[in-house]
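Trainee: The structure under discussion is supplied below as structure tokens; questions concerning it will follow.
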Amino acid sequence: PQNPARRVCLPEFDGQELLECIRALVRLEGRWVPRDPQSSLYIRPTFIGTEPTLGVAPPGRALLFVLLCPVGPYFSGGFGPIRLLADPQHVRAWPGGAGHCKLGGNYGPCLELQEAARARGCQQVLWLHGPERLLTEVGTMNLFVFWERPDGGQELVTPPLDGLILPGVTRQSLLELARKWGEFEVREAPLAMGSVLGALKGGRLREMFGAGTACVVCPVGEILYQEQLLSVPTMENGAKVTTRFLRELSDIQYGRVPSPWAQPV
Ligand SMILES: *Cc1c(COP(=O)(O)O)cnc(C)c1O
């Protein structure tokens, strides 16, 4: 969690101590924790430079604070698939950049294409990269594909942490869950648009979804790519892997099953 701070020359801090502070804060604000089993208290640590100067230099003063906000169910209108706009003219991150860091500066430049996507009836942007049109992320979510290989084996694939990808905690959790299930191969590997188109054409693509804290998982139903609306059969295939991830991670988050990932407050 300290990498983003280092990337923008904010001072080091003790992660364990921050966790203690968050525990104390949540205890203090306990009455704001929603009781409804689909709502939650969103916890967002934030770190900003506060040096009162116009110069471009590492800040001599900084403020680390934690925002809390009760949030309702993400899928209030039901667990529905989203449509993505894939426009190779725009990139979210690049080699040597800061796409792997959770920085405010990564979000502003994404808004214009996000709004263009909305205007074209898409809920999110599918961020592509490079001449191979690698699929990198879905809006502010990590991307997963569950498909059959040409040789018939089933596998779950998500792009590797190559500097272009935000190393989301949801992504890591889903990888660990799937490896524990041991029912299909789990790979961190580049996903090129050509392979995805081939899998769609061959009827081998079973499910595609985004993964992030807010929704846990979000099924993908369509991709608007080069003026073509591609149909992704996540729901038609029962979204089995997608919904299993949603169920198992929610069970852990709501304390319905014990897990070493749970943090006692
Ligand atoms: C926050 C974020 C994610 C998801 O990270 P989580 O830790 O799972 O919430 C993925 N991609 C981007 C670009 C993000 O900003």
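Order determines the names: the first chain of the structure tokens is A, the second B, and so forth; residues in each chain are numbered 1 upward, and ligands are numbered 1 upward as they are shown.
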Which residues are close to Gln253 (chain A), i.e. within 9 Å by only C-alpha atoms, leaving aside same-chain residues fewer than 6 positions away? Reply as a ChimeraX atom specification.

Mentor: /A:259,261-262

Trainee: As a VMD selection string, please: all residues of region 12-196 of chain A that backbone DSSP puts in strand (DSSP E).

Mentor: chain A and resid 40 to 49 62 to 71 82 to 86 124 to 129 134 to 138 141 to 148 154 to 158 185 to 188

Trainee: Output N, CA and C atoms of each residue in that selection to a file, as a compact mmCIF listing (two decimals), in the first residue's frame.

Mentor:
```txt
# COMPACT_ATOMS: atom_id res chain seq x y z
N SER A 40 -22.73 -1.48 3.34
CA SER A 40 -21.44 -1.56 4.02
C SER A 40 -20.94 -0.16 4.37
N LEU A 41 -19.87 -0.13 5.12
CA LEU A 41 -19.19 1.13 5.41
C LEU A 41 -17.95 1.18 4.53
N TYR A 42 -17.96 2.08 3.57
CA TYR A 42 -16.82 2.24 2.67
C TYR A 42 -15.70 2.95 3.44
N ILE A 43 -14.50 2.41 3.38
CA ILE A 43 -13.36 2.97 4.10
C ILE A 43 -12.30 3.37 3.07
N ARG A 44 -11.98 4.65 3.01
CA ARG A 44 -11.05 5.13 1.98
C ARG A 44 -9.92 5.94 2.61
N PRO A 45 -8.78 5.29 2.87
CA PRO A 45 -7.61 6.06 3.32
C PRO A 45 -7.15 7.00 2.20
N THR A 46 -6.77 8.20 2.56
CA THR A 46 -6.38 9.22 1.59
C THR A 46 -5.11 9.92 2.10
N PHE A 47 -4.23 10.23 1.17
CA PHE A 47 -2.93 10.80 1.55
C PHE A 47 -2.64 11.94 0.60
N ILE A 48 -2.48 13.17 1.13
CA ILE A 48 -2.24 14.32 0.27
C ILE A 48 -1.10 15.19 0.82
N GLY A 49 -0.40 15.85 -0.08
CA GLY A 49 0.59 16.84 0.34
C GLY A 49 -0.13 18.12 0.73
N ALA A 62 2.39 16.63 4.90
CA ALA A 62 1.38 15.78 4.27
C ALA A 62 0.31 15.42 5.29
N LEU A 63 -0.86 15.04 4.77
CA LEU A 63 -1.98 14.67 5.65
C LEU A 63 -2.50 13.30 5.22
N LEU A 64 -2.50 12.37 6.15
CA LEU A 64 -3.05 11.03 5.90
C LEU A 64 -4.34 10.94 6.69
N PHE A 65 -5.46 10.77 5.99
CA PHE A 65 -6.74 10.71 6.68
C PHE A 65 -7.60 9.61 6.08
N VAL A 66 -8.68 9.26 6.77
CA VAL A 66 -9.53 8.15 6.33
C VAL A 66 -10.96 8.64 6.22
N LEU A 67 -11.55 8.47 5.02
CA LEU A 67 -12.94 8.83 4.79
C LEU A 67 -13.81 7.59 5.04
N LEU A 68 -14.93 7.79 5.72
CA LEU A 68 -15.90 6.70 5.91
C LEU A 68 -17.21 7.14 5.28
N CYS A 69 -17.89 6.18 4.66
CA CYS A 69 -19.19 6.52 4.06
C CYS A 69 -20.06 5.28 3.99
N PRO A 70 -21.26 5.32 4.60
CA PRO A 70 -22.14 4.16 4.46
C PRO A 70 -22.60 4.06 3.01
N VAL A 71 -22.56 2.87 2.44
CA VAL A 71 -23.01 2.69 1.05
C VAL A 71 -24.04 1.56 0.97
N ILE A 82 -22.98 -5.27 -17.73
CA ILE A 82 -22.71 -3.94 -18.24
C ILE A 82 -22.16 -4.01 -19.67
N ARG A 83 -22.30 -2.87 -20.36
CA ARG A 83 -21.77 -2.72 -21.72
C ARG A 83 -20.53 -1.84 -21.66
N LEU A 84 -19.46 -2.26 -22.35
CA LEU A 84 -18.19 -1.54 -22.29
C LEU A 84 -17.88 -0.88 -23.62
N LEU A 85 -17.25 0.29 -23.56
CA LEU A 85 -16.71 0.92 -24.76
C LEU A 85 -15.20 0.65 -24.81
N ALA A 86 -14.75 0.01 -25.89
CA ALA A 86 -13.31 -0.26 -26.07
C ALA A 86 -12.82 0.61 -27.22
N GLN A 124 -19.13 1.52 -18.79
CA GLN A 124 -17.73 1.60 -18.41
C GLN A 124 -16.85 1.57 -19.66
N VAL A 125 -15.59 1.93 -19.44
CA VAL A 125 -14.59 1.87 -20.50
C VAL A 125 -13.78 0.58 -20.35
N LEU A 126 -13.56 -0.12 -21.45
CA LEU A 126 -12.61 -1.23 -21.44
C LEU A 126 -11.28 -0.66 -21.92
N TRP A 127 -10.32 -0.54 -21.01
CA TRP A 127 -9.05 0.11 -21.35
C TRP A 127 -8.13 -0.85 -22.09
N LEU A 128 -7.76 -0.44 -23.33
CA LEU A 128 -6.87 -1.27 -24.16
C LEU A 128 -5.48 -0.65 -24.13
N HIS A 129 -4.48 -1.46 -24.50
CA HIS A 129 -3.13 -0.91 -24.57
C HIS A 129 -2.31 -1.53 -25.69
N LEU A 134 -4.10 -4.95 -25.91
CA LEU A 134 -4.23 -5.74 -24.69
C LEU A 134 -5.37 -5.19 -23.85
N LEU A 135 -6.20 -6.07 -23.33
CA LEU A 135 -7.26 -5.65 -22.42
C LEU A 135 -6.60 -5.47 -21.06
N THR A 136 -6.76 -4.31 -20.44
CA THR A 136 -6.07 -4.08 -19.18
C THR A 136 -7.03 -3.99 -18.00
N GLU A 137 -7.97 -3.04 -18.04
CA GLU A 137 -8.90 -2.88 -16.92
C GLU A 137 -10.27 -2.47 -17.43
N VAL A 138 -11.26 -2.60 -16.57
CA VAL A 138 -12.63 -2.18 -16.87
C VAL A 138 -12.94 -0.98 -15.97
N MET A 141 -11.89 -1.09 -12.41
CA MET A 141 -11.93 -2.47 -11.92
C MET A 141 -10.88 -3.29 -12.65
N ASN A 142 -10.39 -4.34 -12.01
CA ASN A 142 -9.55 -5.31 -12.71
C ASN A 142 -10.43 -6.21 -13.55
N LEU A 143 -9.82 -6.84 -14.56
CA LEU A 143 -10.58 -7.60 -15.55
C LEU A 143 -10.28 -9.10 -15.46
N PHE A 144 -11.33 -9.89 -15.54
CA PHE A 144 -11.18 -11.35 -15.55
C PHE A 144 -11.95 -11.95 -16.72
N VAL A 145 -11.39 -13.01 -17.31
CA VAL A 145 -12.08 -13.77 -18.35
C VAL A 145 -12.06 -15.24 -17.95
N PHE A 146 -13.21 -15.89 -18.09
CA PHE A 146 -13.27 -17.33 -17.88
C PHE A 146 -13.65 -17.96 -19.22
N TRP A 147 -12.75 -18.80 -19.76
CA TRP A 147 -12.99 -19.32 -21.10
C TRP A 147 -12.45 -20.73 -21.25
N GLU A 148 -12.77 -21.31 -22.41
CA GLU A 148 -12.18 -22.60 -22.76
C GLU A 148 -11.04 -22.35 -23.72
N GLN A 154 -10.54 -25.55 -19.31
CA GLN A 154 -11.13 -24.29 -18.84
C GLN A 154 -10.11 -23.51 -18.01
N GLU A 155 -10.12 -22.19 -18.15
CA GLU A 155 -9.21 -21.39 -17.33
C GLU A 155 -9.76 -20.00 -17.05
N LEU A 156 -9.26 -19.47 -15.92
CA LEU A 156 -9.56 -18.10 -15.52
C LEU A 156 -8.30 -17.28 -15.79
N VAL A 157 -8.45 -16.18 -16.53
CA VAL A 157 -7.28 -15.37 -16.88
C VAL A 157 -7.51 -13.92 -16.47
N THR A 158 -6.49 -13.31 -15.88
CA THR A 158 -6.51 -11.87 -15.61
C THR A 158 -5.16 -11.31 -16.02
N GLU A 185 -7.69 -24.08 -14.45
CA GLU A 185 -6.41 -23.39 -14.41
C GLU A 185 -6.63 -21.90 -14.12
N VAL A 186 -5.71 -21.29 -13.40
CA VAL A 186 -5.80 -19.87 -13.06
C VAL A 186 -4.50 -19.23 -13.53
N ARG A 187 -4.61 -18.25 -14.44
CA ARG A 187 -3.40 -17.66 -15.01
C ARG A 187 -3.44 -16.14 -14.98
N GLU A 188 -2.26 -15.55 -14.72
CA GLU A 188 -2.07 -14.11 -14.89
C GLU A 188 -1.29 -13.95 -16.18
```

Trainee: Run DSSP on the backbone and give me the residues of region 13-261 of chain A it puts in helix (DSSP H, G or I), as JSON, numbers by chain.

Mentor: {"A": [15, 16, 17, 18, 19, 20, 21, 22, 23, 24, 25, 26, 27, 28, 30, 31, 32, 104, 105, 106, 108, 109, 110, 111, 112, 113, 114, 115, 116, 117, 118, 119, 169, 170, 171, 172, 173, 174, 175, 176, 177, 178, 179, 180, 181, 193, 194, 195, 196, 197, 198, 199, 200, 201, 240, 241, 242, 243, 244, 245, 246, 247, 248, 249, 250, 251, 252, 253]}

Trainee: Quick one: distance from CA of Ala192 (chain A) to CA of Tyr225 (chain A) in Å, one decimal?

Mentor: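 CA of Tyr225 (chain A) lies at a distance of 13.3 Å from CA of Ala192 (chain A).
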
Trainee: Kindly indicate which residue among A:Leu205, A:Arg61, A:Val265, A:Gln226 lies nearest to Glu12 (chain A), using only C-alpha atoms for the distances.

Mentor: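 When distances to Glu12 (chain A) are compared using only C-alpha atoms, the smallest one comes from A:Arg61.
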
Trainee: Here is a test: counting only C-alpha atoms, which residue of A:Ser195, A:Gln114, A:Ser250, A:Gln123 is nearest to Gly221 (chain A)?

Mentor: A:Gln123

Trainee: Compile the contact shell of region 100-109 of chain A as a PDB file with N, CA, C and O atoms, in the first residue's frame: residues with an atom at most 8 Å away, counting only C-alpha atoms, same-chain residues fewer than 6 positions apart removed.

Mentor:
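The resulting part03.pdb:
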```pdb
ATOM      1  N   ASN A   3       3.511   1.844  -1.934  1.00  0.00           N
ATOM      2  CA  ASN A   3       4.108   2.163  -3.232  1.00  0.00           C
ATOM      3  C   ASN A   3       3.563   3.443  -3.856  1.00  0.00           C
ATOM      4  O   ASN A   3       4.345   4.239  -4.347  1.00  0.00           O
ATOM      5  N   PRO A   4       2.236   3.640  -3.853  1.00  0.00           N
ATOM      6  CA  PRO A   4       1.721   4.873  -4.456  1.00  0.00           C
ATOM      7  C   PRO A   4       2.284   6.104  -3.761  1.00  0.00           C
ATOM      8  O   PRO A   4       2.611   7.100  -4.414  1.00  0.00           O
ATOM      9  N   ARG A   7       5.718   6.690  -4.947  1.00  0.00           N
ATOM     10  CA  ARG A   7       5.727   7.115  -6.354  1.00  0.00           C
ATOM     11  C   ARG A   7       5.554   8.613  -6.494  1.00  0.00           C
ATOM     12  O   ARG A   7       5.981   9.203  -7.492  1.00  0.00           O
ATOM     13  N   ARG A  92      -5.129   4.289 -20.483  1.00  0.00           N
ATOM     14  CA  ARG A  92      -5.218   4.696 -19.076  1.00  0.00           C
ATOM     15  C   ARG A  92      -3.843   4.751 -18.437  1.00  0.00           C
ATOM     16  O   ARG A  92      -3.560   5.585 -17.577  1.00  0.00           O
ATOM     17  N   LEU A 161       0.521  -8.246 -13.409  1.00  0.00           N
ATOM     18  CA  LEU A 161       0.905  -6.977 -12.780  1.00  0.00           C
ATOM     19  C   LEU A 161       2.198  -6.475 -13.425  1.00  0.00           C
ATOM     20  O   LEU A 161       3.284  -6.643 -12.902  1.00  0.00           O
ATOM     21  N   GLY A 163       2.800  -3.300 -14.412  1.00  0.00           N
ATOM     22  CA  GLY A 163       2.947  -1.857 -14.304  1.00  0.00           C
ATOM     23  C   GLY A 163       1.784  -1.098 -14.920  1.00  0.00           C
ATOM     24  O   GLY A 163       1.596   0.085 -14.653  1.00  0.00           O
ATOM     25  N   LEU A 164       0.991  -1.778 -15.768  1.00  0.00           N
ATOM     26  CA  LEU A 164      -0.168  -1.126 -16.393  1.00  0.00           C
ATOM     27  C   LEU A 164      -1.432  -1.340 -15.564  1.00  0.00           C
ATOM     28  O   LEU A 164      -2.447  -0.687 -15.796  1.00  0.00           O
ATOM     29  N   ILE A 165      -1.350  -2.274 -14.624  1.00  0.00           N
ATOM     30  CA  ILE A 165      -2.541  -2.766 -13.927  1.00  0.00           C
ATOM     31  C   ILE A 165      -2.497  -2.347 -12.469  1.00  0.00           C
ATOM     32  O   ILE A 165      -1.448  -2.431 -11.824  1.00  0.00           O
ATOM     33  N   LEU A 166      -3.640  -1.919 -11.954  1.00  0.00           N
ATOM     34  CA  LEU A 166      -3.733  -1.628 -10.522  1.00  0.00           C
ATOM     35  C   LEU A 166      -3.809  -2.973  -9.777  1.00  0.00           C
ATOM     36  O   LEU A 166      -4.686  -3.788 -10.075  1.00  0.00           O
ATOM     37  N   PRO A 167      -2.902  -3.215  -8.840  1.00  0.00           N
ATOM     38  CA  PRO A 167      -2.928  -4.512  -8.133  1.00  0.00           C
ATOM     39  C   PRO A 167      -4.030  -4.546  -7.081  1.00  0.00           C
ATOM     40  O   PRO A 167      -3.771  -4.443  -5.887  1.00  0.00           O
TER      41      PRO A 167
END
```

Trainee: One decimal, in Å: what's the spacing between CA of Val217 (chain A) and CA of Pro150 (chain A)?

Mentor: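 Taking CA of Val217 (chain A) as the start and CA of Pro150 (chain A) as the end point, the length is 26.0 Å.
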
Trainee: Give the answer as one residue: which of A:Thr140, A:Thr50, A:Gln263, A:Thr243 has the shortest atom-to-atom distance to Pro11 (chain A), using only C-alpha atoms?

Mentor: A:Thr50

Trainee: Point out the residue among A:Gly97, A:Gly153, A:Pro88, A:Pro159 with the least atom-to-atom distance to Glu227 (chain A), counting only C-alpha atoms.

Mentor: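 Of the candidates, the smallest distance to Glu227 (chain A) is held by A:Pro88.
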